[in-house]
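What follows is data-v4.txt (compact mmCIF, C-alpha atoms).
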# COMPACT_ATOMS: atom_id res chain seq x y z
CA MET J 1 39.03 -11.08 -9.92
CA ALA J 2 36.49 -13.57 -11.17
CA SER J 3 36.67 -14.64 -14.79
CA LEU J 4 34.39 -12.86 -17.25
CA ALA J 5 33.70 -16.10 -19.11
CA ARG J 6 30.97 -17.26 -16.77
CA GLN J 7 29.52 -13.77 -16.43
CA LEU J 8 28.75 -12.94 -20.08
CA LEU J 9 25.55 -14.85 -20.59
CA GLY J 10 22.69 -14.11 -22.98
CA VAL J 11 23.16 -12.51 -26.40
CA ALA J 12 25.82 -9.90 -27.20
CA VAL J 13 24.65 -7.40 -29.83
CA VAL J 14 27.37 -5.26 -31.42
CA THR J 15 26.44 -2.63 -34.01
CA GLY J 16 29.05 -1.21 -36.36
CA THR J 17 31.62 -4.04 -36.24
CA GLY J 18 33.55 -2.94 -39.32
CA GLY J 19 36.77 -4.67 -40.29
CA THR J 20 39.44 -3.62 -37.78
CA GLY J 21 37.68 -0.97 -35.70
CA ILE J 22 36.42 -0.83 -32.14
CA GLY J 23 33.21 -2.77 -32.75
CA ALA J 24 35.14 -5.62 -34.33
CA VAL J 25 37.48 -5.89 -31.36
CA VAL J 26 34.55 -5.74 -28.94
CA ALA J 27 32.79 -8.57 -30.81
CA ARG J 28 35.92 -10.72 -30.77
CA GLY J 29 36.37 -9.89 -27.09
CA PHE J 30 32.93 -11.30 -26.32
CA ALA J 31 33.86 -14.49 -28.16
CA ARG J 32 37.18 -14.84 -26.31
CA SER J 33 35.36 -14.30 -23.01
CA GLY J 34 33.09 -17.27 -23.60
CA CYS J 35 29.96 -15.56 -24.94
CA THR J 36 28.33 -18.10 -27.27
CA ARG J 37 25.59 -15.99 -28.89
CA ILE J 38 26.74 -12.90 -30.73
CA ALA J 39 24.86 -10.68 -33.19
CA ILE J 40 26.82 -8.24 -35.36
CA THR J 41 25.99 -5.70 -38.04
CA ASP J 42 27.90 -3.25 -40.22
CA ILE J 43 27.28 -1.37 -43.44
CA ASN J 44 30.09 -3.28 -45.17
CA PRO J 45 29.09 -6.94 -45.80
CA LYS J 46 32.63 -8.01 -46.68
CA THR J 47 34.24 -6.87 -43.44
CA LEU J 48 31.22 -8.10 -41.50
CA SER J 49 31.79 -11.59 -42.90
CA GLN J 50 35.47 -11.36 -41.97
CA ILE J 51 34.60 -10.54 -38.38
CA LYS J 52 32.16 -13.45 -38.22
CA ASP J 53 34.95 -15.78 -39.42
CA ALA J 54 37.34 -14.31 -36.83
CA ILE J 55 34.82 -14.84 -34.03
CA LEU J 56 34.22 -18.45 -35.05
CA SER J 57 37.94 -19.10 -35.27
CA ASN J 58 38.26 -17.94 -31.64
CA ASN J 59 35.14 -19.75 -30.46
CA PRO J 60 33.87 -22.42 -32.91
CA SER J 61 30.90 -23.19 -30.67
CA ALA J 62 29.58 -19.62 -30.87
CA LYS J 63 26.39 -18.85 -32.74
CA VAL J 64 26.97 -15.70 -34.78
CA PHE J 65 24.14 -13.81 -36.45
CA ASP J 66 25.48 -11.32 -38.99
CA ARG J 67 23.41 -8.96 -41.09
CA PRO J 68 24.74 -5.98 -43.09
CA GLY J 69 22.86 -2.70 -42.95
CA ASN J 70 22.80 0.99 -42.08
CA ILE J 71 22.22 1.60 -38.35
CA SER J 72 20.71 5.02 -39.06
CA ASP J 73 17.86 3.26 -40.91
CA GLU J 74 14.97 2.77 -38.48
CA ASN J 75 13.44 -0.16 -40.37
CA PHE J 76 16.76 -1.98 -40.54
CA ILE J 77 17.53 -1.47 -36.85
CA ASP J 78 14.09 -2.67 -35.78
CA SER J 79 14.09 -5.75 -38.02
CA PHE J 80 17.68 -6.59 -37.06
CA HIS J 81 16.96 -6.54 -33.34
CA ASP J 82 13.61 -8.29 -33.74
CA GLU J 83 15.39 -11.07 -35.59
CA VAL J 84 18.16 -11.25 -32.98
CA PHE J 85 15.68 -11.52 -30.12
CA GLY J 86 13.24 -13.67 -32.08
CA ARG J 87 10.22 -11.35 -31.95
CA LYS J 88 9.50 -10.08 -35.45
CA THR J 89 5.95 -8.78 -34.97
CA LEU J 90 6.44 -6.25 -32.17
CA LYS J 91 5.66 -2.55 -32.85
CA ALA J 92 8.15 0.10 -32.04
CA VAL J 93 7.19 2.23 -29.08
CA GLU J 94 29.39 25.56 -39.47
CA MET J 95 27.74 22.86 -41.33
CA GLU J 96 25.07 22.07 -43.93
CA THR J 97 21.78 20.64 -42.77
CA ASN J 98 22.29 17.42 -44.70
CA ALA J 99 25.74 16.99 -43.15
CA PHE J 100 24.26 17.65 -39.69
CA ASP J 101 21.56 15.08 -40.34
CA LYS J 102 24.09 12.54 -41.56
CA LEU J 103 26.34 13.06 -38.53
CA ASN J 104 23.46 12.77 -36.09
CA GLY J 105 22.04 9.83 -38.00
CA ILE J 106 25.23 7.90 -37.36
CA ASN J 107 26.37 9.32 -34.00
CA TYR J 108 23.07 9.68 -32.17
CA ARG J 109 20.06 8.43 -34.13
CA GLY J 110 21.66 5.06 -34.79
CA SER J 111 22.46 4.67 -31.10
CA TRP J 112 18.96 5.78 -30.10
CA LEU J 113 17.31 3.34 -32.52
CA SER J 114 19.55 0.49 -31.41
CA CYS J 115 18.99 1.20 -27.72
CA ARG J 116 15.22 1.44 -28.20
CA ALA J 117 15.06 -1.86 -30.07
CA GLN J 118 17.23 -3.59 -27.47
CA LEU J 119 15.17 -2.28 -24.57
CA ARG J 120 11.92 -3.28 -26.21
CA ASN J 121 13.13 -6.84 -26.70
CA MET J 122 14.83 -7.16 -23.31
CA LEU J 123 11.57 -6.20 -21.60
CA LYS J 124 9.98 -9.29 -23.15
CA GLN J 125 12.62 -11.78 -22.10
CA ASP J 126 12.95 -13.54 -18.77
CA PRO J 127 15.61 -12.32 -16.33
CA LEU J 128 18.75 -14.43 -16.00
CA GLU J 129 18.89 -16.03 -12.57
CA GLU J 130 22.70 -16.25 -12.87
CA GLN J 131 22.93 -12.46 -13.23
CA LEU J 132 21.01 -11.17 -10.23
CA LYS J 133 17.74 -11.38 -12.18
CA GLN J 134 18.95 -8.91 -14.77
CA ARG J 135 17.37 -8.94 -18.20
CA GLY J 136 20.36 -7.47 -19.97
CA ALA J 137 23.05 -4.82 -20.19
CA ILE J 138 23.44 -2.15 -22.84
CA VAL J 139 26.67 -0.24 -23.44
CA ASN J 140 26.44 2.76 -25.75
CA ILE J 141 29.51 4.30 -27.37
CA ALA J 142 29.95 8.02 -26.72
CA SER J 143 33.03 10.25 -26.70
CA GLN J 144 35.15 12.54 -24.59
CA LEU J 145 33.57 15.31 -26.69
CA GLY J 146 30.26 14.56 -25.02
CA ILE J 147 31.80 15.74 -21.75
CA VAL J 148 34.11 18.54 -22.87
CA ALA J 149 33.82 20.67 -25.99
CA ARG J 150 36.31 21.76 -28.60
CA THR J 151 36.29 24.35 -31.32
CA SER J 152 34.56 23.78 -34.69
CA ALA J 153 32.76 20.65 -33.50
CA ALA J 154 29.42 21.86 -32.14
CA ALA J 155 27.30 19.21 -33.86
CA CYS J 156 29.67 16.37 -33.00
CA CYS J 157 29.92 17.41 -29.35
CA ALA J 158 26.14 17.72 -29.10
CA SER J 159 25.54 14.29 -30.64
CA LYS J 160 27.94 12.63 -28.18
CA ALA J 161 26.44 14.47 -25.20
CA ALA J 162 23.03 13.27 -26.38
CA ILE J 163 24.20 9.65 -26.13
CA ILE J 164 25.42 10.20 -22.57
CA ASN J 165 22.15 11.70 -21.37
CA MET J 166 20.11 9.17 -23.33
CA THR J 167 22.07 6.50 -21.45
CA ARG J 168 21.33 8.09 -18.10
CA SER J 169 17.65 8.58 -18.81
CA ASN J 170 17.15 5.02 -20.05
CA ALA J 171 19.05 3.75 -17.00
CA ILE J 172 16.54 5.52 -14.76
CA ASP J 173 13.53 4.32 -16.73
CA TYR J 174 14.50 0.66 -16.99
CA SER J 175 16.50 -0.01 -13.83
CA GLY J 176 13.38 -1.43 -12.20
CA ASN J 177 13.07 -3.88 -15.09
CA GLY J 178 16.48 -5.40 -14.44
CA ILE J 179 18.19 -3.70 -17.39
CA ARG J 180 21.46 -1.85 -16.96
CA VAL J 181 22.36 0.93 -19.42
CA ASN J 182 25.83 2.50 -19.43
CA CYS J 183 28.16 4.06 -21.96
CA VAL J 184 31.86 4.50 -22.62
CA CYS J 185 33.27 7.90 -23.61
CA LEU J 186 36.18 7.36 -25.94
CA GLY J 187 39.25 9.45 -26.44
CA VAL J 188 41.37 9.21 -29.56
CA ILE J 189 41.51 5.52 -30.44
CA GLU J 190 43.98 3.91 -32.85
CA THR J 191 41.85 2.67 -35.76
CA PRO J 192 42.14 2.88 -39.57
CA ILE J 193 40.01 6.04 -39.45
CA THR J 194 42.48 7.83 -37.16
CA THR J 195 45.76 6.52 -38.59
CA THR J 196 45.40 6.02 -42.35
CA SER J 197 45.16 9.64 -43.46
CA PRO J 198 48.23 11.88 -42.83
CA GLU J 199 45.86 14.84 -42.51
CA MET J 200 43.83 13.07 -39.82
CA VAL J 201 46.97 12.04 -37.92
CA GLU J 202 48.16 15.65 -37.93
CA ALA J 203 44.75 16.98 -36.89
CA LEU J 204 44.60 14.63 -33.89
CA LYS J 205 48.04 15.51 -32.51
CA PRO J 206 46.77 18.38 -30.29
CA ALA J 207 44.17 16.11 -28.66
CA ILE J 208 46.77 13.42 -28.03
CA LYS J 209 49.15 16.00 -26.58
CA ILE J 210 46.49 17.26 -24.13
CA ALA J 211 45.99 13.79 -22.65
CA PRO J 212 48.66 13.09 -19.99
CA MET J 213 49.15 9.54 -21.31
CA GLN J 214 50.37 11.09 -24.58
CA ARG J 215 49.13 8.33 -26.88
CA MET J 216 46.11 6.95 -28.68
CA GLY J 217 44.08 4.27 -26.99
CA THR J 218 43.70 0.85 -28.57
CA PRO J 219 40.51 -0.95 -29.64
CA ASP J 220 41.37 -3.69 -27.13
CA GLU J 221 41.31 -1.15 -24.31
CA VAL J 222 37.85 -0.04 -25.40
CA ALA J 223 36.68 -3.65 -25.66
CA ASP J 224 37.89 -4.34 -22.11
CA ALA J 225 35.75 -1.46 -20.81
CA VAL J 226 32.68 -2.63 -22.72
CA LEU J 227 33.08 -6.23 -21.57
CA PHE J 228 33.45 -5.10 -17.96
CA LEU J 229 30.23 -3.05 -18.09
CA CYS J 230 28.39 -6.03 -19.59
CA SER J 231 29.60 -8.44 -16.93
CA THR J 232 28.25 -9.12 -13.44
CA GLN J 233 31.39 -7.46 -12.10
CA ALA J 234 29.55 -4.24 -13.00
CA SER J 235 26.20 -5.36 -11.61
CA PHE J 236 25.81 -2.24 -9.42
CA ILE J 237 26.94 0.21 -12.11
CA GLN J 238 24.00 1.95 -13.76
CA GLY J 239 23.69 5.06 -15.92
CA HIS J 240 27.44 5.60 -15.87
CA ALA J 241 29.59 7.30 -18.53
CA LEU J 242 32.93 5.49 -18.24
CA VAL J 243 35.68 7.68 -19.68
CA VAL J 244 38.35 5.82 -21.66
CA ASP J 245 40.50 8.68 -22.90
CA GLY J 246 43.99 8.67 -21.40
CA GLU J 247 42.98 11.52 -19.04
CA TYR J 248 42.06 13.97 -21.81
CA THR J 249 38.91 15.24 -20.11
CA ILE J 250 40.55 16.00 -16.76
CA ASN J 251 43.45 17.93 -18.25
Re-express the file's structure as C-alpha cells.
Amino acid sequence: MASLARQLLGVAVVTGTGGTGIGAVVARGFARSGCTRIAITDINPKTLSQIKDAILSNNPSAKVFDRPGNISDENFIDSFHDEVFGRKTLKAVEMETNAFDKLNGINYRGSWLSCRAQLRNMLKQDPLEEQLKQRGAIVNIASQLGIVARTSAAACCASKAAIINMTRSNAIDYSGNGIRVNCVCLGVIETPITTTSPEMVEALKPAIKIAPMQRMGTPDEVADAVLFLCSTQASFIQGHALVVDGEYTIN
C-alpha cells in the first residue's frame, strides 16, 4: 500500500482536539503522516497548546494554527475557518430543552457549522493536481448510535444520525466541485471521558459486551480511519459512513 505521507496535501483542520481524546490523536496522526499545515481548535486553551507542542515535536517543519473556542458558536466557527483558509471577508451562505440544545449544539450544530465553513472555503481554492483535481476532503465524526438506536438516548441518536445524513447530502451537492465528504461512526472509544468515571465505565459495559470484539476502540484506530478517508487511497469513496465500532452495529 502506498504511503500516506505523500497523499495528505493541503491543510488538515481538526475541531475538538482536546488533550488526550480522539481529535488530538487525529491531529498528531496528520503530523506523523507528513501533513505540514494543520489547524486545530478546542474549548480548552491549555490542552490545545499541549497538542500543538506535541505536533511540532513530531514534525518540527509543520505549520500549526491553533485557536481556542466553542465549536457550537457560529461566529467562532466562521472566523476560525476564514482565518485558516485566508478569506476573512466571505459571508456565510426525557430531557430539558436547554440540555437538548446543548447536546445538539455540540454533536450536530458544531459539525454542521464546521462543515459549512470548510465547504465554503474549499469552493474558493484551486484543486490539487496531485489529488485527482480534488479541492479537499472532509471527515465528520458520527457514532454507531446514528445507525442503531438504544434506550434513553433519543436526542443523542438523532444528533448522530443527522451528521450521517448531512455527510451524504453534502457529498451529493459538492462531489462535482471536487470535494469529498465522508464520516466515521464510532463505537465506544477509550478516552478520558469513557474511562475516568467508575459510573461511566459501568454504564458502557453492556455496549462493549454487545460488540463481538469485546473491547473499547482506541483513539489511534479512529485516527487511522480518518487519515485513510482524507488520503488519495480513498479517492473514490464519497458520502460514506465508515463504521469503527468493533462490530457493535451488526450484532
Counting all atoms listed in the file, what is within 10 Å of J:Asn58, bar same-chain residues fewer than 4 positions away, as a tab-separated table (two decimals) with C-alpha atoms, keeping the file's coordinate frame?
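Contents of part_18.tsv, as written:
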chain	number	residue	atom	x	y	z
J	28	ARG	CA	35.92	-10.72	-30.77
J	29	GLY	CA	36.37	-9.89	-27.09
J	31	ALA	CA	33.86	-14.49	-28.16
J	32	ARG	CA	37.18	-14.84	-26.31
J	33	SER	CA	35.36	-14.30	-23.01
J	34	GLY	CA	33.09	-17.27	-23.60
J	53	ASP	CA	34.95	-15.78	-39.42
J	54	ALA	CA	37.34	-14.31	-36.83
J	62	ALA	CA	29.58	-19.62	-30.87
Which residue gives the smallest distance to J:Arg150 among J:Gly69, J:Pro45, J:Pro206, J:Gly246, with only C-alpha atoms counted?
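Answer, going by the shortest atom-to-atom distance: J:Pro206.
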Residues near J:Met216, anyone? I mean within 7 Å using only C-alpha atoms, not counting same-chain ones fewer than 4 positions away, as a ChimeraX atom specification.
/J:188-190,208
Given only C-alpha atoms as the basis, pick out the residue of J:Ile250, J:Val184, J:Met200, J:Cys35 nearest to J:Met213.
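Of the candidates, the smallest distance to J:Met213 is held by J:Ile250.
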Identify which of the residues J:Arg215, J:His240, J:Lys209, J:Arg180 lies closest to J:Asn165, counting all atoms listed in the file when measuring atom-to-atom distances.
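For J:Asn165, the nearest of the given residues is J:His240.
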How would you write as a PyMOL selection string the residues that get within 6 Å of (27.1, 2.1, -35.2) in the file's frame, counting all atoms listed in the file?
chain J and resi 15-16+71
Let me make sure I understand: among J:Asn59, J:Ser231, J:Gln50, J:Thr194, which one has the smallest atom-to-atom distance to J:Thr218 if we use all atoms listed in the file?
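Of J:Asn59, J:Ser231, J:Gln50, J:Thr194, the one nearest J:Thr218 is J:Thr194, counting all atoms listed in the file.
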Identify, on the basis of all atoms listed in the file, every residue whose closest approach to stretch 144-147 of chain J does not exceed 7 Å; exclude the query and any residue fewer than 5 positions from it along the same chain; express the result as a PyMOL selection string.
chain J and resi 157-158+160-161+164+185-187+243+245+249
Keeping only C-alpha atoms, write the selected residues to a file as a short mmCIF file (atom, residue, chain, number, x, y, z; two decimals), keeping the file's coordinate frame.
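out_1.cif, freshly written:
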data_model
loop_
_atom_site.label_atom_id
_atom_site.label_comp_id
_atom_site.auth_asym_id
_atom_site.auth_seq_id
_atom_site.Cartn_x
_atom_site.Cartn_y
_atom_site.Cartn_z
CA CYS J 157 29.92 17.41 -29.35
CA ALA J 158 26.14 17.72 -29.10
CA LYS J 160 27.94 12.63 -28.18
CA ALA J 161 26.44 14.47 -25.20
CA ILE J 164 25.42 10.20 -22.57
CA CYS J 185 33.27 7.90 -23.61
CA LEU J 186 36.18 7.36 -25.94
CA GLY J 187 39.25 9.45 -26.44
CA VAL J 243 35.68 7.68 -19.68
CA ASP J 245 40.50 8.68 -22.90
CA THR J 249 38.91 15.24 -20.11
#
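Taking atom CA of J:Glu130 as the reference point, atom CA of J:Thr232 is found at 9.1 Å.
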Among the residues J:Ala12, J:Ala241, J:Glu247, J:Glu199, the one that comes closest to J:Pro212 [using all atoms listed in the file]
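Of the candidates, the smallest distance to J:Pro212 is held by J:Glu247.
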One decimal, in Å: what's the spacing between atom CA of J:Asp73 and atom CA of J:Ser114?
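Here the two named atoms are 10.0 Å from each other.
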What's around stretch 97-103 of chain J at 8 Å? Count all atoms listed in the file, leave out sequence neighbours fewer than 3 positions away in its own chain, and write the answer as a list in words.
Ile106, Asn107, Tyr108, Ala155 and Cys156 of chain J
Which value, in Å to one decimal, gives the distance between atom CA of J:Ala142 and atom CA of J:Leu119?
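Taking atom CA of J:Ala142 as the start and atom CA of J:Leu119 as the end point, the length is 18.1 Å.
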Using all atoms listed in the file, which residue out of J:Leu128, J:Ala117, J:Leu242, J:Val14 lies closest to J:Ala225?
J:Leu242
Neighbours of J:Gly23 within 10 Å (all atoms listed in the file; same-chain residues fewer than 3 positions away dropped), as JSON, numbers by chain?
{"J": [14, 15, 16, 17, 18, 19, 20, 26, 27, 28, 29, 40, 41, 42, 51, 141, 219, 220, 222, 223]}
